[in-house]
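Since the structure comes first, as structure tokens, the remarks are kept for the end.
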Amino acid sequence: MNSQLRRAVGTAVVGALGISTLAACGGESKDSGSGDGSKSRTVTLVSHESFAASEAVLKEFTRQTGYTVKVLKSGDAGTALNKEILTKGSPQGDVFFGVDNTLLSRALDNDLFTPYEAKGLDQVVQEVQLDADKHRVTPVDTGDICVNYDKKFFADKKLAPPKTFADLAKPEYRNMLVVENAATSSPGLGFLLGSVGEYGESGWQGYWKRLKDNGVKVVDGWEQAYNEEFSGSAGGKKAGADRPLVVSYASSPPVEVLYSDPQPTEAPTGVATGTCFRQIEFAGLLEGAKNEAGGKALLDFLISKKFQEDMPLNMFVNPVIKDAKLPELFTEHGAVIEKPETVAADAIAKNREQWVRSWSSLVVK
Amino acid sequence: MVLARREVVGSLRGNAARLGLMAGPVAFFAVFFAYPVAAIVGRGLHTDGVWQFGRFGEVLGRPDILSVLWFTTWQALASTALTLLIALPGAYVFARLDFPGKRLLRAVVTVPFVLPTVVVGSAFLALLGRGGLLDELWGIRLDTTVWAILLAHVFFNYAVVVRTVGGLWSQLDPRQEEAARVLGAGRFAAWRRVTLPALVPSLAAAALMVFLFTFTSFGVVQILGGPSFSTLEVEIYRQTADFLDLPTAAVLTLVQFAAVGAVLAVHAWTVRRRESALRLVDPVRTARPPRGTAQWAMLGGVLATVLVLLLAPLAVLVERSFDTAGGHGLDHYRELGTVDPAGGAFLVAPIEAVWNSLQYALAATAIALAVGGPAAAALTRRAGRLVRGFDALLMLPLGVSAVTVGFGFLITLDEPPLDLRASWILVPLAQALVGVPFVVRTMLPVLRAVDERLREAAAVLGASPLRAWREVDLPLVRRALLVAAGFAFAVSLGEFGATVFIARPDNPTLPVAVARLLGRPGELNYGQAMALSTILMVVCAAALLLLERVRTESTSEEF
Amino acid sequence: MTLLELRGVTVRFGPRTALDTVDLQVAEHEIVCLLGPSGSGKSTLLRAVAGLQAVDAGRVLLGGADQAGVPVHRRGVGLMFQDHQLFPQRDVGGNVAFGLRMRGAERGEQARRTDELLRLVGLPGAQKRSVAALSGGEQQRVALARALAPEPRLLMLDEPLGQLDRGLRERLVVELRGLFGRLGTTVLAVTHDQGEAFALADRVVVMRDGRIAQAGTPLEVWQRPASPFVARFLGFENVVAATVGGAAADTVWGKLPVPDGSPQGARTLLVRPDGVRITDPSQGLRCTVESRTFRGTHVAVRLRPDDGPELEAECSLAQAPEEGASVGVVFAADEVVVLGPDEGLKGVRRRREQTLQGGRSFLDRVDEGDA
């Protein structure tokens with residue numbers, strides 16, 4: 001009833017603005033109400049632009065639990081999280097997905113989430129459980145930020161592609177690397193943190209000085225780096241790009257294969273496996289969620305085998321549960337990252353802004 | 001005595017009618033603009049129960065912020081100067097010369113203005129960057145230099161100058177210049193001493209609008225400038241969306257607000273001065289086929305500029321959309337119609353984005369007309385400071401960051417009866433904020449040009465004010481209304497910032513879908529992004545071309 | 001000495017010929033008025049002389065020098081526009097001094113001349129006034145001062161008094177003529193008002209369809225219109241087809257006397273209203289008085305004969321018959337003019353004849369035809 005009243009008022013406001021006709025043509029699919037009310041059968045998932053799940057899997061969730069998922073997406077990971085912080089206590093939905101280990105402390109410090117130990121957490125590998133004692137957030141996926149290389153370029157040059165952070169600063173790879181701005185781009189920040197993990201809090205600046213002397217190029221976002229500067233991408237080829245090394249994801253090569261027509265037998269790009277930083281993405285039950293029960297059910301579902309196995313081809317990330325099977329595409333073209341760099345979440349929380357600032361003045365200015 | 005009282009009642013009724021007309025727009029701006037923006041600024045500056053005005057000194061004393069302020073200002077000034085310099089010959093050619101394909105060309109040069117920067121950024125790189133036209137011809141690369149930013153600003157704002165200045169220019173009596181010629185002035189002297197002074201108000205108006213757009217430039221600076229350039233708008237976005245440093249963002253928002261407010265005040269002043277005693281003539285009579293070397297050279301120069309600066313980047317997009325693995329073909333377009341078998345970022349065929357965009361744009365257009373129409377009607381009759389302030393208020397959304405409005409929405413529209421955060425209507429509402437100024441700017445000159453005596457004649461014949469408006473004004477402004485609707489439509493079609501920022505169910509608009517495709521590796525994604533961009537461009541161009549057909553001949557729209 | 005000479009000047013706008021091989025000469029210190037209905041090519045002729053309109057064929061000579069290739073601002077001619085085209089962003093002084101500045105005159109010289117000219121046109125001390133605040137007559141004077149200031153060798157006026165009311169117009173015509181006479185200015189003016197032309201000009205040139213229909217002193221043109229077109233343009237309505245034989249002509253109004261030595265055969269006659277004498281109904285052509293219009297010094301009487309088109313007569317108030325009265329009409333030979341053939345297209349002429357028989361105002365037709 002509350003919901004009906006609210007919808008009526010909403011419609012009245014809209015009508016007062018003289019757009020009643022459009023409200024009508026907006027139709028059922030869009031105006032499905034705000035999904036509140038304790039008895040609601042709708043559970044709302046709030047996330048960033050990159051969230052994706054196949055329809056069949058979401059239907060499966062409804063079949064299992066009776067809840068329908070409504071997804072609200074906007075902005076990138078940082079923006080989406082900041083929006084949740086702003087609306088704390090009066091959240092837009094029930095579950096938030098998309099806070100990663102670089103931003104985790106910000107979410108936890110702001111007490112965004114209601115603790116909940118999701119069913120099936122025992123199946124999740126230990127090293128991604130960064131909030132294991134309080135269960136405010138549940139790990140859902142991991143992704144590795146790594147340098148990708150243009151296979152053809154190195155084959156033509158008869159040059160071995162770089163493997164490690166140290167390789168990137170070597171003279172034979174001069175003027176080859178393009179990275180993203182750590183201040184504005186999530187892979188950019190990940191790569192910076194990777195270098196911190198590799199060289200330590202005292203050594204990373206020296207490493208970046210060497211990279212700079214070796215002609216590293218910085219652009220603002222992944223799209224520019226990958227599509228405009230990287231010679232191994234479709235866009236880069238058209239734009240005559242001349243950088244054969246780019247900071248991207250370990251999953252990028254299989255995705256290159258997936259979105260080519262016809263699909264090549266081998267990915268055109270490869271991964272420098274010693275240059276990776278592991279991102280872990282979490283979900284949590286929002287404080288003040290209107291449909292807490294539904295939210296809990298959704299969290300359970302996010303680490304269920306069904307969802308975990310659906311994830312890789314939708315968001316190009318790796319599952320976190322032990323027995324999830326990777327799709328063939330990933331096993332065939334993906335790289336296995338043995339030892340990704342990690343930085344402790346509280347160290348990131350404490351130093352992130354300082355690191356980004358000194359990185360900016362060191363590399364960008 | 002009785003008569004006097006009746007007059008008072010009459011004028012009261014007039015004011016009441018005007019207030020009634022203004023009520024809707026004012027309420028709209030109060031709820032969907034002023035309140036959210038004030039709330040987010042308040043959140044930043046009002047902490048622990050105290051207003052933290054000391055923040056101003058703190059933030060504005062930071063050297064990095066100062067350099068952002070300095071860069072923002074000088075690049076806006078330089079962009080404005082460069083745009084005027086490059087677009088003025090264009091304004092002349094479109095105003096004074098008649099040549100085949102003029103309408104089409106005028107529609108085409110307006111396309112960049114309504115295209116989202118995500119789409120154009122890469123195309124523009126193709127012109128200025130590696131292997132670009134300049135690189136091939138002279139080995140010059142301008143990407144990540146400030147020149148890329150300046151030229152892209154020219155690209156986006158060319159149409160503003162051509163339409164605003166050209167609109168007035170085409171209505172200036174050419175015999176003014178002839179009079180000067182006969183009195184012994186050479187061609188250029190006659191232009192400089194007679195036409196230029198007459199154009200000054202519209203030049204000032206155009207310059208101020210270009211300044212406003214470039215001062216608040218976001219995407220262009222991010223994509224083309226690279227990480228070493230940052231405008232106030234970019235900094236506000238960073239502070240808000242990336243760092244959640246609301247106090248700093250609030251200070252910067254207020255600084256930008258003050259700057260934009262000052263620009264708008266000057267703008268209002270010049271517009272008022274423009275209403276001076278220029279005798280205008282029908283533009284149809286002033287345009288002639290080009291004659292003589294000078295005019296042909298001018299036409300050739302303008303066409304070449306348009307070709308290189310405006311059409312080449314757009315053509316690159318189109319070319320790439322056809323460039324498939326197996327040579328040129330329609331594959332990417334066909335792909336748009338299929339659902340990604342792997343799932344991917346789309347649950348539906350990307351082509352659905354066209355339909356989504358059209359729906360959102362239609363809704364935004366309807367809102368913009370519902371708000372802008374009454375606002376323009378209320379502003380028609382010249383009146384006191386209050387109404388002029390209202391005029392400026394309508395323009396303010398153009399100078400406020402989408403992120404500020406978006407975050408403001410989040411913390412204000414969260415309670416009944418206005419819990420709209422999760423509603424689809426928020427997207428068209430935000431788009432309409434940008435569309436309303438265009439509606440008002442387009443309709444106002446036409447409404448003002450309706451002779452008051454026509455309304456009086458209708459009244460004497462027994463028509464009530466509303467009836468008189470319907471019988472007299474409406475038929476006369478119907479075309480302007482269409483033009484306004486078309487502009488609002490095209491602008492919201494290309495709107496990206498607010499759309500991507502507002503949480504909404506998964507039905508991406510065209511620009512959002514393009515951004516999403518560009519955000520993933522793979523040739524097919526890239527090709528489809530180019531194909532969708534081309535579709536967006538064609539839809540925009542078609543809408544604008546339709547406008548050219550209905551364009552009221554005796555009006556000059558202002559931006 | 002000839003100042004301006006046009007030789008076979010032709011101007012075309014697409015398929016339309018605005019000026020058709022026009023020859024014209026204007027002597028120094030002469031005031032010439034181009035007279036004709038709108039669309040007859042008068043303004044185009046001025047623009048061609050000024051260089052504002054390119055010439056498709058023929059030559060324009062000023063002081064004997066061919067002006068082809070000489071840009072507008074180097075021709076040294078002045079042009080006063082119909083609606084003055086004062087520069088709204090400059091004050092009166094700025095407008096008047098404009099041409100002097102363009103010629104690089106010193107400031108002192110500019111100020112002196114401006115002052116002198118404003119005195120001359122009767123607006124002393126108006127330098128600082130805004131042109132928007134001027135009345136129509138004042139604007140006209142400022143425009144004149146502005147045109148005269150650089151001392152053009154030829155001053156051209158395009159409908160100089162067109163927008164003013166009648167009283168002001170009549171006074172200004174006299175003033176202008178006096179002024180031009182004193183200054184010795186050579187003037188080429190355009191007007192559609194024959195009264196204005198006759199009052200101002202030494203010589204009148206009647207134009208039609210881009211050609212010169214007649215040129216001569218005002219008296220010559222008035223007394224001996226060259227063609228039915230000119231006659232009708234001058235406001236004469238009693239124009240009728242006739243067959244001249246000896247000293248008489250057969251018309252639909254009966255036999256009319258013509259002056260001695262008139263050309264013979266099929267012609268068109270003009271009977272000036274003066275020559276239509278009203279007498280007793282028993283004499284001459286029987287007519288009914290259709291209307292009487294008081295014209296100040298005389299009464300214009302419209303007469304409807306039993307047969308043929310209406311006639312206009314002029315008589316004193318005392319002699320004017322009542323409306324509806326039956327009268328007789330006789331014609332005076334010295335007020336009858338045997339006209340030459342109309343220049344121009346045959347089709348046009350034929351249509352005009354029909355128009356006449358339709359009994360409608362001729363001038364309306366001319367305007368339509370030439371528009």
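Following the order of the structure tokens, chains are lettered A, B, ..., residues in each are numbered from 1, and ligands are numbered from 1.
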Enumerate, as a PyMOL selection string, the complete set of residues in range 56-240 of chain C that a backbone-based DSSP assignment places in helix (DSSP H, G or I).
-> chain C and resi 72-74+92-102+107-120+131-133+136-148+166-183+194-200+218-223+228-233
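The protein and nucleic acid residues lying at most 7 Å from Ala241 in chain C are Thr251, Arg267, Thr268 and Leu269 of chain C, with only C-alpha atoms considered and sequence neighbours fewer than 2 positions away removed.
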Restrict the distance test to only C-alpha atoms, flag each residue of chain B within 10 Å of chain C, and return the flagged residues as a list in words.
-> Asp173, Pro174, Arg175, Gln176, Glu177, Glu178, Ala179, Ala180, Arg181, Val182, Leu183, Gly184, Ala185, Gly186, Arg187, Ala189, Ala190, Arg193, Val194, Thr195, Pro197, Ala198, Ser276, Ala277, Leu278, Arg279, Arg291 and Gly292 of chain B
Write a file of the selected residues as a PDB file, in the first residue's frame, keeping N, CA and C atoms.
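Writing done, so here's again24.pdb:
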```pdb
ATOM      1  N   ASP B 173      20.730  44.624 -42.994  1.00  0.00           N
ATOM      2  CA  ASP B 173      20.507  45.161 -44.321  1.00  0.00           C
ATOM      3  C   ASP B 173      21.851  45.345 -45.034  1.00  0.00           C
ATOM      4  N   PRO B 174      22.055  44.652 -46.154  1.00  0.00           N
ATOM      5  CA  PRO B 174      23.351  44.782 -46.831  1.00  0.00           C
ATOM      6  C   PRO B 174      23.603  46.204 -47.323  1.00  0.00           C
ATOM      7  N   ARG B 175      22.546  46.990 -47.434  1.00  0.00           N
ATOM      8  CA  ARG B 175      22.741  48.347 -47.945  1.00  0.00           C
ATOM      9  C   ARG B 175      23.484  49.247 -46.957  1.00  0.00           C
ATOM     10  N   GLN B 176      23.507  48.826 -45.671  1.00  0.00           N
ATOM     11  CA  GLN B 176      24.336  49.578 -44.723  1.00  0.00           C
ATOM     12  C   GLN B 176      25.792  49.561 -45.185  1.00  0.00           C
ATOM     13  N   GLU B 177      26.235  48.354 -45.565  1.00  0.00           N
ATOM     14  CA  GLU B 177      27.605  48.239 -46.035  1.00  0.00           C
ATOM     15  C   GLU B 177      27.772  49.005 -47.354  1.00  0.00           C
ATOM     16  N   GLU B 178      26.766  48.919 -48.200  1.00  0.00           N
ATOM     17  CA  GLU B 178      26.844  49.624 -49.484  1.00  0.00           C
ATOM     18  C   GLU B 178      26.951  51.122 -49.271  1.00  0.00           C
ATOM     19  N   ALA B 179      26.195  51.606 -48.270  1.00  0.00           N
ATOM     20  CA  ALA B 179      26.258  53.035 -47.985  1.00  0.00           C
ATOM     21  C   ALA B 179      27.680  53.433 -47.624  1.00  0.00           C
ATOM     22  N   ALA B 180      28.336  52.580 -46.838  1.00  0.00           N
ATOM     23  CA  ALA B 180      29.717  52.884 -46.468  1.00  0.00           C
ATOM     24  C   ALA B 180      30.634  52.808 -47.680  1.00  0.00           C
ATOM     25  N   ARG B 181      30.372  51.838 -48.555  1.00  0.00           N
ATOM     26  CA  ARG B 181      31.208  51.706 -49.752  1.00  0.00           C
ATOM     27  C   ARG B 181      31.130  52.968 -50.597  1.00  0.00           C
ATOM     28  N   VAL B 182      29.893  53.440 -50.794  1.00  0.00           N
ATOM     29  CA  VAL B 182      29.705  54.622 -51.626  1.00  0.00           C
ATOM     30  C   VAL B 182      30.389  55.837 -50.991  1.00  0.00           C
ATOM     31  N   LEU B 183      30.452  55.829 -49.647  1.00  0.00           N
ATOM     32  CA  LEU B 183      31.109  56.946 -48.972  1.00  0.00           C
ATOM     33  C   LEU B 183      32.621  56.793 -48.971  1.00  0.00           C
ATOM     34  N   GLY B 184      33.127  55.771 -49.682  1.00  0.00           N
ATOM     35  CA  GLY B 184      34.569  55.695 -49.869  1.00  0.00           C
ATOM     36  C   GLY B 184      35.263  54.631 -49.046  1.00  0.00           C
ATOM     37  N   ALA B 185      34.495  53.746 -48.369  1.00  0.00           N
ATOM     38  CA  ALA B 185      35.137  52.705 -47.580  1.00  0.00           C
ATOM     39  C   ALA B 185      35.397  51.490 -48.455  1.00  0.00           C
ATOM     40  N   GLY B 186      36.570  50.882 -48.300  1.00  0.00           N
ATOM     41  CA  GLY B 186      36.871  49.646 -49.019  1.00  0.00           C
ATOM     42  C   GLY B 186      36.043  48.517 -48.443  1.00  0.00           C
ATOM     43  N   ARG B 187      36.121  47.358 -49.108  1.00  0.00           N
ATOM     44  CA  ARG B 187      35.338  46.200 -48.682  1.00  0.00           C
ATOM     45  C   ARG B 187      35.521  45.897 -47.193  1.00  0.00           C
ATOM     46  N   ALA B 189      37.057  47.760 -44.868  1.00  0.00           N
ATOM     47  CA  ALA B 189      36.760  48.902 -44.001  1.00  0.00           C
ATOM     48  C   ALA B 189      35.261  49.006 -43.764  1.00  0.00           C
ATOM     49  N   ALA B 190      34.473  48.780 -44.822  1.00  0.00           N
ATOM     50  CA  ALA B 190      33.017  48.862 -44.681  1.00  0.00           C
ATOM     51  C   ALA B 190      32.540  47.802 -43.701  1.00  0.00           C
ATOM     52  N   ARG B 193      33.707  48.781 -40.095  1.00  0.00           N
ATOM     53  CA  ARG B 193      33.139  49.972 -39.482  1.00  0.00           C
ATOM     54  C   ARG B 193      31.623  49.950 -39.420  1.00  0.00           C
ATOM     55  N   VAL B 194      30.990  49.124 -40.233  1.00  0.00           N
ATOM     56  CA  VAL B 194      29.527  49.151 -40.259  1.00  0.00           C
ATOM     57  C   VAL B 194      28.937  47.825 -39.786  1.00  0.00           C
ATOM     58  N   THR B 195      29.356  46.727 -40.425  1.00  0.00           N
ATOM     59  CA  THR B 195      28.759  45.436 -40.084  1.00  0.00           C
ATOM     60  C   THR B 195      29.240  44.941 -38.734  1.00  0.00           C
ATOM     61  N   PRO B 197      30.341  46.493 -36.012  1.00  0.00           N
ATOM     62  CA  PRO B 197      29.681  47.076 -34.838  1.00  0.00           C
ATOM     63  C   PRO B 197      28.243  46.577 -34.671  1.00  0.00           C
ATOM     64  N   ALA B 198      27.558  46.359 -35.785  1.00  0.00           N
ATOM     65  CA  ALA B 198      26.181  45.874 -35.684  1.00  0.00           C
ATOM     66  C   ALA B 198      26.155  44.442 -35.171  1.00  0.00           C
ATOM     67  N   SER B 276      18.442  46.665 -29.401  1.00  0.00           N
ATOM     68  CA  SER B 276      18.468  48.062 -29.799  1.00  0.00           C
ATOM     69  C   SER B 276      17.980  48.182 -31.237  1.00  0.00           C
ATOM     70  N   ALA B 277      18.094  49.392 -31.748  1.00  0.00           N
ATOM     71  CA  ALA B 277      17.341  49.720 -32.950  1.00  0.00           C
ATOM     72  C   ALA B 277      17.986  49.253 -34.243  1.00  0.00           C
ATOM     73  N   LEU B 278      18.357  48.013 -34.339  1.00  0.00           N
ATOM     74  CA  LEU B 278      18.843  47.521 -35.625  1.00  0.00           C
ATOM     75  C   LEU B 278      17.640  47.257 -36.510  1.00  0.00           C
ATOM     76  N   ARG B 279      17.726  47.721 -37.726  1.00  0.00           N
ATOM     77  CA  ARG B 279      16.610  47.424 -38.610  1.00  0.00           C
ATOM     78  C   ARG B 279      16.926  46.103 -39.305  1.00  0.00           C
ATOM     79  N   ARG B 291      29.854  35.799 -55.901  1.00  0.00           N
ATOM     80  CA  ARG B 291      30.269  36.559 -57.089  1.00  0.00           C
ATOM     81  C   ARG B 291      31.630  37.126 -56.827  1.00  0.00           C
ATOM     82  N   GLY B 292      32.478  37.028 -57.790  1.00  0.00           N
ATOM     83  CA  GLY B 292      33.807  37.639 -57.648  1.00  0.00           C
ATOM     84  C   GLY B 292      34.765  36.731 -56.908  1.00  0.00           C
TER      85      GLY B 292
END
```
What is the distance between CA of Gly24 in chain B and CA of Leu547 in chain B, in Å to one decimal?
->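 A separation of 27.0 Å between them.
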For the contact check between range 294-350 of chain A and range 79-94 of chain A, emit one row per residue of range 294-350 of chain A within 12 Å, containing the shortest atom pair and the distance in Å rounded to one decimal, counting only C-alpha atoms, chain then rising number order, as a tab-separated table.
```
residue	atom	partner	partner_atom	distance
A:Gly294	CA	A:Asp94	CA	7.9
A:Gly295	CA	A:Asp94	CA	5.5
A:Lys296	CA	A:Asp94	CA	8.9
A:Ala297	CA	A:Asp94	CA	10.8
A:Leu298	CA	A:Asp94	CA	9.2
A:Leu299	CA	A:Asp94	CA	10.1
```
